[in-house]
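As structure tokens, the structure follows; a few thoughts come after it.
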Amino acid sequence: MSQARLPYSAVARSSQEMSSQHVRFAHEQHLPDAIDIEESELFDMPARPTNTMEAADNDALYYAVSLGSCRRTRKGRVFWVTVVSLVIVSVVGMIWLYSDGISWMQRSKKRNVILMISDGFGPASETMARNYVQQINGLPIGYKSPLDEILVGSSRTRSTDSLVTDSAAGATAFSCLMKTYNGAIAVAEDKMPCGTVLEAAKLQRGMLTGLVATSRITHATPASFSAHVTHRDMEDLIAEYQIGNYSLGPVVDLMFGGGRCHFMPNTHANVSCRMDARDLWSEAQAAGFHTLSTRKQFDTLDSHGSGAAKSLPILGAFASSHMDYEIDRDAATQPSLAEMSAKALGILDAATKKKNAGFFLMIEGSRIDMAAHTNDPAAHLRDIIAYWDAIAVVRKFVEEHPDTVLISVSDHETGGFSTAKQLTPEYPEYMWNPRALEHVRHSIEYISYKLLAQPTDDQEARYKYVRDTVFADWLGVKDSKHAEIIAVAQETESIRLRQLLSNVISNRAQVGWATHGHSAVDVNLYAYGLNANLLRGNKENTDIGQFIVDQLGLDLGKISGKIKTDRVVQGTRAIKETWLGRRDLDALDHNPVAH
């Protein structure tokens, strides 16, 4: 307001200075205390004889001056009324601007927001991936990854009930701008649903929306933008939300990921992990969703032409449970995270080309986290590099679309990972060995499954299988020790087997793990594009959601009010995931057909 007043004050001073140059009289009430020089001189002139003509001339002069003064008085009044009116309008305008005005202006502009979440990816993991790519490819010491180039700060990660968050509470902080308890999917501490940025973008700005993940699309992170349940294990109900079975109706226009089993009825035993007979896949089709389950269907999607908009809404689930780790992925059957990101961007961009509203897209590198839960450095590394590939795709899109912002952040760190490991009681070497990860061909999850499927009655054949296939071929270990081979060959319990395999790789790479769970460490925050500089510094994870709300002019409270009576508890038994080290190996409910 001070800036608004200054021009008006300057105008007022100028007007007063100009008025002082005119003849004024003491009896004029608009300036009672002002005695002009001209007026004083007029009344102080010495008396002299006057004749009738002079008197008449004086009367005429007095009348003319008085008439001019009255006109100036009216003009002065008009001037001050105008000034006061402008001040009032300015004050009202500023109040409007800082309340509804800013959000209205934001809503009137086309903007795209792309939130990328690298699940379980901490600062040490970025260092590991950079060191690996740099050393294996002979790059300069100053090499920067696609993320290094857009680093703006860091994010704090705690939930309300623990200094160590889980993915559900972490993602809810982004989607609802609120801290909540571990396990909560877009519900507050009191278990009431909270409106999400995705829902608000769809309903308040008319934007298109999308979710891309390498986990089940019903998993914690994508679910926290598109569903409301009291616990993350309620994936049957999450799937119902995602196809629009709640008060807001369908709000997600595009979904790419895994998790087809939660959309299939339990009457299809080989493809379903639902606890009931609802066929959500067919329900989605009836609601207008274009459903995809194969690589061929994915490839035939039009992502640039006129058919892009016609293909929406899309539900693409390319695996029964989670999609494969990048290190295990068969490119002929499953698209990569970068490919899904590129396809999603192409479709959403083409479908909004002639509209004033853009799109909101969440992309998750889900399996970075799961590899860290298993303490699998090679799978962790390959999924990070795959995430970098997706970052490069999105950065190129941002460069071509200046109305777009990219935000990349982790919900938490996983594994307590470090690029250091002490192997002996003596003072440790200052080193870690990226080349130990270069020739690893499969994840520990994949190897464990294959090994446990081998017969145990022929120990000699099992020993050779471990030595020649597991160690030499799949792990790239040429210096295996007899004790290592025996220990792996004889183990039949999956958790212990995975730990043995982790030690084989981690010891040779000299990387360390503090836990099979999450840690409380701050995670890196990256941003690129429109207003990215506003995210600089150390932020609470809720600040990232607030940034999105400010970018788009959203009101999440209004969305929360609309969904306050929606169901947040699943009617059937929820599948409780076993300890994360066993994920998708022993949890057959989520993996009806082993791959």
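Quick note on naming: the chains in the structure tokens go A, B, ... in the order shown, residues restart at 1 in each chain, and ligands are numbered from 1 in order of appearance.
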
**OP:** With a distance cut-off of 12 Å and only C-alpha atoms, select the neighbouring residues of Asp468 (chain A), excluding the residue or stretch itself and same-chain residues fewer than 5 positions from it, and output the selection as a PyMOL selection string.
**Re:** chain A and resi 461-463+473-480+485+489

Subject >> Residue set, region 388-465 of chain A restricted to strand (DSSP E), as a list in words >> reply: Thr404, Val405, Leu406, Ile407, Ser408, Val409, Glu413 and Thr414 of chain A

Subject >> Non-local contacts of Thr267 (chain A) (10 Å; only C-alpha atoms; under 6 positions in same chain excluded) as a list in words >> reply: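 Within the cut-off, the hits are Cys273, Arg274, Met275, Asp276, Ala277, Arg278 and Asp279 of chain A.
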
Dump as a compact mmCIF listing (two decimals), in the first residue's frame, selection limited to C-alpha atoms:
```txt
# COMPACT_ATOMS: atom_id res chain seq x y z
CA CYS A 273 -4.96 -60.38 -5.06
CA ARG A 274 -8.33 -58.86 -4.11
CA MET A 275 -10.24 -60.14 -1.12
CA ASP A 276 -13.58 -59.88 -2.92
CA ALA A 277 -15.15 -60.71 -6.29
CA ARG A 278 -15.34 -57.15 -7.63
CA ASP A 279 -13.97 -56.84 -11.13
```

**OP:** Determine which residues of region 288-381 of chain A DSSP labels as alpha helix (DSSP H) from the backbone of this structure, then write them out as a ChimeraX atom specification.
**Re:** /A:295-299,307-310,337-351,367-373,377-381

**OP:** Rank nothing, just name the residue among A:Thr209, A:Ser162, A:Asp411, A:Gln510 nearest to Thr424 (chain A), using only C-alpha atoms.
**Re:** A:Gln510

Original post:
What lies within 10 Å of Phe121 (chain A) using only C-alpha atoms, ignoring chain neighbours under 4 positions off, as a PyMOL selection string?
Top reply: chain A and resi 117+125-126+365-369+372+380+384+409-415+417+523-524

Could you write out the selected residues, including all heavy atoms, as a compact mmCIF listing (two decimals), in the first residue's frame?
```txt
# COMPACT_ATOMS: atom_id res chain seq x y z
N ILE A 117 9.02 -38.28 -7.46
CA ILE A 117 9.36 -38.77 -6.12
C ILE A 117 10.28 -39.98 -6.26
O ILE A 117 9.89 -41.00 -6.84
CB ILE A 117 8.10 -39.13 -5.32
CG1 ILE A 117 7.21 -37.89 -5.16
CG2 ILE A 117 8.47 -39.70 -3.96
CD1 ILE A 117 5.87 -38.16 -4.50
N SER A 125 23.07 -42.11 -1.76
CA SER A 125 22.74 -42.89 -2.95
C SER A 125 23.02 -42.10 -4.22
O SER A 125 23.45 -42.66 -5.23
CB SER A 125 21.27 -43.32 -2.91
OG SER A 125 21.02 -44.16 -1.79
N GLU A 126 22.77 -40.80 -4.18
CA GLU A 126 23.11 -39.94 -5.32
C GLU A 126 24.63 -39.94 -5.53
O GLU A 126 25.11 -40.02 -6.67
CB GLU A 126 22.59 -38.53 -5.09
CG GLU A 126 23.07 -37.49 -6.09
CD GLU A 126 22.51 -37.65 -7.49
OE1 GLU A 126 21.66 -38.54 -7.71
OE2 GLU A 126 22.92 -36.88 -8.39
N GLY A 365 9.83 -43.06 -8.88
CA GLY A 365 10.82 -44.13 -9.01
C GLY A 365 10.69 -45.02 -7.80
O GLY A 365 11.47 -44.91 -6.84
N SER A 366 9.72 -45.92 -7.83
CA SER A 366 9.29 -46.66 -6.63
C SER A 366 10.31 -47.66 -6.13
O SER A 366 10.49 -47.84 -4.92
CB SER A 366 7.98 -47.39 -6.93
OG SER A 366 7.09 -46.62 -7.69
N ARG A 367 10.99 -48.33 -7.04
CA ARG A 367 11.76 -49.50 -6.63
C ARG A 367 13.18 -49.17 -6.18
O ARG A 367 13.91 -50.05 -5.74
CB ARG A 367 11.74 -50.53 -7.74
CG ARG A 367 10.32 -50.91 -8.16
CD ARG A 367 10.16 -52.38 -8.43
NE ARG A 367 10.26 -53.19 -7.24
CZ ARG A 367 10.34 -54.52 -7.25
NH1 ARG A 367 10.36 -55.17 -8.39
NH2 ARG A 367 10.43 -55.19 -6.13
N ILE A 368 13.55 -47.88 -6.26
CA ILE A 368 14.78 -47.45 -5.60
C ILE A 368 14.71 -47.82 -4.12
O ILE A 368 15.67 -48.34 -3.53
CB ILE A 368 14.96 -45.92 -5.75
CG1 ILE A 368 15.11 -45.53 -7.21
CG2 ILE A 368 16.14 -45.42 -4.94
CD1 ILE A 368 15.06 -44.03 -7.45
N ASP A 369 13.56 -47.58 -3.54
CA ASP A 369 13.31 -47.87 -2.13
C ASP A 369 13.36 -49.36 -1.84
O ASP A 369 13.98 -49.80 -0.86
CB ASP A 369 11.93 -47.31 -1.77
CG ASP A 369 11.41 -47.81 -0.45
OD1 ASP A 369 11.91 -47.36 0.60
OD2 ASP A 369 10.48 -48.66 -0.45
N ALA A 372 16.73 -50.87 -1.64
CA ALA A 372 17.42 -50.50 -0.41
C ALA A 372 16.89 -51.28 0.78
O ALA A 372 17.64 -51.61 1.71
CB ALA A 372 17.28 -49.00 -0.17
N HIS A 380 19.60 -51.17 -6.47
CA HIS A 380 19.41 -49.78 -6.02
C HIS A 380 20.04 -48.82 -7.04
O HIS A 380 19.41 -47.85 -7.47
CB HIS A 380 20.06 -49.64 -4.64
CG HIS A 380 19.81 -48.35 -3.94
ND1 HIS A 380 18.55 -47.87 -3.64
CD2 HIS A 380 20.68 -47.42 -3.43
CE1 HIS A 380 18.65 -46.72 -2.99
NE2 HIS A 380 19.93 -46.42 -2.87
N ILE A 384 18.21 -46.08 -9.68
CA ILE A 384 18.55 -44.65 -9.60
C ILE A 384 18.90 -44.12 -10.99
O ILE A 384 18.44 -43.05 -11.40
CB ILE A 384 19.73 -44.43 -8.63
CG1 ILE A 384 19.30 -44.72 -7.19
CG2 ILE A 384 20.26 -43.00 -8.75
CD1 ILE A 384 20.45 -44.79 -6.20
N VAL A 409 11.98 -34.97 -5.41
CA VAL A 409 12.29 -35.10 -3.99
C VAL A 409 12.01 -36.54 -3.55
O VAL A 409 11.28 -37.27 -4.22
CB VAL A 409 11.42 -34.11 -3.16
CG1 VAL A 409 9.94 -34.51 -3.21
CG2 VAL A 409 11.91 -33.98 -1.74
N SER A 410 12.61 -36.94 -2.46
CA SER A 410 12.34 -38.27 -1.89
C SER A 410 11.40 -38.13 -0.71
O SER A 410 11.38 -37.10 -0.03
CB SER A 410 13.64 -38.92 -1.43
OG SER A 410 14.58 -38.99 -2.48
N ASP A 411 10.62 -39.17 -0.48
CA ASP A 411 9.76 -39.18 0.70
C ASP A 411 10.56 -39.48 1.96
O ASP A 411 10.22 -39.04 3.06
CB ASP A 411 8.61 -40.17 0.54
CG ASP A 411 9.08 -41.53 0.01
OD1 ASP A 411 10.29 -41.71 -0.24
OD2 ASP A 411 8.21 -42.41 -0.18
N HIS A 412 11.68 -40.21 1.79
CA HIS A 412 12.55 -40.58 2.91
C HIS A 412 13.77 -41.29 2.34
O HIS A 412 13.83 -41.60 1.14
CB HIS A 412 11.83 -41.52 3.87
CG HIS A 412 11.25 -42.73 3.19
ND1 HIS A 412 12.03 -43.80 2.78
CD2 HIS A 412 9.99 -43.04 2.80
CE1 HIS A 412 11.28 -44.70 2.18
NE2 HIS A 412 10.02 -44.25 2.17
N GLU A 413 14.74 -41.55 3.18
CA GLU A 413 15.89 -42.38 2.81
C GLU A 413 15.64 -43.79 3.31
O GLU A 413 14.97 -43.99 4.32
CB GLU A 413 17.17 -41.81 3.44
CG GLU A 413 18.46 -42.40 2.91
CD GLU A 413 18.92 -43.68 3.63
OE1 GLU A 413 18.37 -43.99 4.71
OE2 GLU A 413 19.83 -44.36 3.13
N THR A 414 16.18 -44.76 2.61
CA THR A 414 16.01 -46.16 3.01
C THR A 414 17.36 -46.86 3.11
O THR A 414 18.24 -46.67 2.27
CB THR A 414 15.14 -46.92 1.99
OG1 THR A 414 13.86 -46.27 1.90
CG2 THR A 414 14.93 -48.37 2.41
N GLY A 415 17.50 -47.67 4.14
CA GLY A 415 18.67 -48.53 4.29
C GLY A 415 19.79 -47.95 5.13
O GLY A 415 20.73 -48.67 5.49
N PHE A 417 22.04 -46.03 4.01
CA PHE A 417 23.12 -46.39 3.08
C PHE A 417 24.32 -45.46 3.22
O PHE A 417 24.17 -44.25 3.45
CB PHE A 417 22.57 -46.32 1.65
CG PHE A 417 23.61 -46.61 0.60
CD1 PHE A 417 24.05 -47.90 0.37
CD2 PHE A 417 24.16 -45.58 -0.14
CE1 PHE A 417 25.01 -48.16 -0.58
CE2 PHE A 417 25.12 -45.83 -1.11
CZ PHE A 417 25.55 -47.13 -1.33
N VAL A 523 16.56 -35.40 2.95
CA VAL A 523 16.78 -35.85 1.57
C VAL A 523 16.96 -34.65 0.66
O VAL A 523 16.52 -33.53 0.97
CB VAL A 523 15.62 -36.73 1.08
CG1 VAL A 523 15.58 -38.04 1.86
CG2 VAL A 523 14.29 -36.01 1.19
N ASN A 524 17.58 -34.86 -0.47
CA ASN A 524 17.84 -33.77 -1.41
C ASN A 524 16.55 -33.30 -2.08
O ASN A 524 15.63 -34.09 -2.33
CB ASN A 524 18.83 -34.19 -2.48
CG ASN A 524 20.24 -34.34 -1.94
OD1 ASN A 524 20.54 -33.90 -0.83
ND2 ASN A 524 21.12 -34.93 -2.73
```

Tell me which protein, DNA and RNA residues are within 9 Å of Glu491 (chain A), counting only C-alpha atoms, leaving out same-chain ones fewer than 5 positions away, and put them as a short mmCIF file (atom, residue, chain, number, x, y, z; two decimals) with all heavy atoms, in the first residue's frame.
```cif
data_model
loop_
_atom_site.label_atom_id
_atom_site.label_comp_id
_atom_site.auth_asym_id
_atom_site.auth_seq_id
_atom_site.Cartn_x
_atom_site.Cartn_y
_atom_site.Cartn_z
N LEU A 452 15.74 -70.47 -4.47
CA LEU A 452 14.85 -71.22 -3.59
C LEU A 452 13.98 -72.21 -4.36
O LEU A 452 13.42 -73.15 -3.78
CB LEU A 452 13.97 -70.26 -2.79
CG LEU A 452 14.70 -69.43 -1.73
CD1 LEU A 452 13.75 -68.44 -1.09
CD2 LEU A 452 15.34 -70.34 -0.67
N ILE A 486 29.02 -72.20 0.12
CA ILE A 486 28.35 -73.17 0.99
C ILE A 486 27.20 -72.50 1.75
O ILE A 486 26.09 -73.05 1.85
CB ILE A 486 29.35 -73.80 1.98
CG1 ILE A 486 30.23 -74.83 1.27
CG2 ILE A 486 28.64 -74.44 3.16
CD1 ILE A 486 29.48 -76.10 0.87
N ARG A 496 17.30 -64.62 5.41
CA ARG A 496 18.72 -64.88 5.64
C ARG A 496 19.47 -65.04 4.32
O ARG A 496 20.62 -64.61 4.19
CB ARG A 496 18.88 -66.13 6.52
CG ARG A 496 18.44 -65.93 7.97
CD ARG A 496 18.91 -67.07 8.85
NE ARG A 496 18.27 -68.34 8.51
CZ ARG A 496 17.15 -68.79 9.08
NH1 ARG A 496 16.53 -68.05 9.99
NH2 ARG A 496 16.64 -69.95 8.73
N LEU A 497 18.80 -65.64 3.32
CA LEU A 497 19.44 -65.80 2.03
C LEU A 497 19.72 -64.45 1.39
O LEU A 497 20.81 -64.20 0.86
CB LEU A 497 18.54 -66.65 1.11
CG LEU A 497 19.03 -66.81 -0.33
CD1 LEU A 497 20.40 -67.47 -0.37
CD2 LEU A 497 18.02 -67.63 -1.14
N LEU A 500 22.72 -62.81 3.01
CA LEU A 500 23.98 -63.41 2.55
C LEU A 500 24.37 -62.85 1.18
O LEU A 500 25.53 -62.51 0.95
CB LEU A 500 23.86 -64.93 2.49
CG LEU A 500 23.78 -65.67 3.83
CD1 LEU A 500 23.43 -67.15 3.60
CD2 LEU A 500 25.11 -65.54 4.58
#
```

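Minimum atom-to-atom distances from A:Thr218, A:Ser321, A:Thr180, A:Asn245 to Cys261 (chain A) were compared using only C-alpha atoms, and the lowest value belongs to A:Ser321.
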
Write out as JSON lines a residue-level contact list of region 432-542 of chain A versus region 322-339 of chain A with cut-off 8 Å: for each qualifying residue the closest pair of atoms and the distance in Å to one decimal, counting only C-alpha atoms, rows sorted by chain and residue number upward.
```
{"residue": "A:Arg441", "atom": "CA", "partner": "A:Ile327", "partner_atom": "CA", "distance": 6.4}
{"residue": "A:His442", "atom": "CA", "partner": "A:Asp328", "partner_atom": "CA", "distance": 5.5}
{"residue": "A:Ser443", "atom": "CA", "partner": "A:Ile327", "partner_atom": "CA", "distance": 6.4}
{"residue": "A:Tyr446", "atom": "CA", "partner": "A:Asp328", "partner_atom": "CA", "distance": 7.5}
```

Subject >> Gap from CA of Asp458 (chain A) to CA of Gln490 (chain A) - Å, one decimal >> reply: 10.9 Å

**OP:** Tell me which of A:Glu429, A:Asp522, A:Asp190, A:Asp166 sits closest to Arg232 (chain A), counting only C-alpha atoms.
**Re:**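 Checking each of A:Glu429, A:Asp522, A:Asp190, A:Asp166 against Arg232 (chain A), counting only C-alpha atoms, the winner is A:Asp166.
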
**OP:** Considering only C-alpha atoms, return as a PyMOL selection string whatever protein or nucleic-acid residues lie within 7 Å of Leu406 (chain A), sequence-local ones (same chain, fewer than 3 positions apart) excluded.
**Re:** chain A and resi 113-115+527-529

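Picture a line from CA of Thr294 (chain A) to CA of Tyr387 (chain A); it runs 21.6 Å.
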
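Nearest to Glu399 (chain A) of all the residues A:Pro222, A:Asn541, A:Leu530, A:Pro425 is A:Leu530, counting only C-alpha atoms.
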
**OP:** List the neighbours of Gly170 (chain A) out to 7 Å using only C-alpha atoms; skip same-chain residues closer than 5 positions along the sequence, and give me the result as an NGL selection string.
**Re:** :A and (157 or 159 or 165 or 411)

File dump, residues just selected, N, CA, C and O atoms, as a PDB file, in the first residue's frame:
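The resulting selection.pdb:
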```pdb
ATOM      1  N   THR A 157      11.798 -34.969   6.754  1.00  0.00           N
ATOM      2  CA  THR A 157      10.907 -36.069   6.393  1.00  0.00           C
ATOM      3  C   THR A 157      10.030 -36.638   7.512  1.00  0.00           C
ATOM      4  O   THR A 157       9.228 -37.521   7.244  1.00  0.00           O
ATOM      5  N   SER A 159       7.289 -37.858  10.331  1.00  0.00           N
ATOM      6  CA  SER A 159       5.822 -37.921  10.393  1.00  0.00           C
ATOM      7  C   SER A 159       5.390 -37.442  11.778  1.00  0.00           C
ATOM      8  O   SER A 159       6.214 -37.003  12.583  1.00  0.00           O
ATOM      9  N   THR A 165       9.790 -41.488   8.969  1.00  0.00           N
ATOM     10  CA  THR A 165       8.503 -41.603   8.283  1.00  0.00           C
ATOM     11  C   THR A 165       8.435 -42.859   7.431  1.00  0.00           C
ATOM     12  O   THR A 165       9.453 -43.501   7.149  1.00  0.00           O
ATOM     13  N   ASP A 411      10.624 -39.169  -0.476  1.00  0.00           N
ATOM     14  CA  ASP A 411       9.763 -39.178   0.702  1.00  0.00           C
ATOM     15  C   ASP A 411      10.560 -39.476   1.964  1.00  0.00           C
ATOM     16  O   ASP A 411      10.216 -39.044   3.056  1.00  0.00           O
TER      17      ASP A 411
END
```
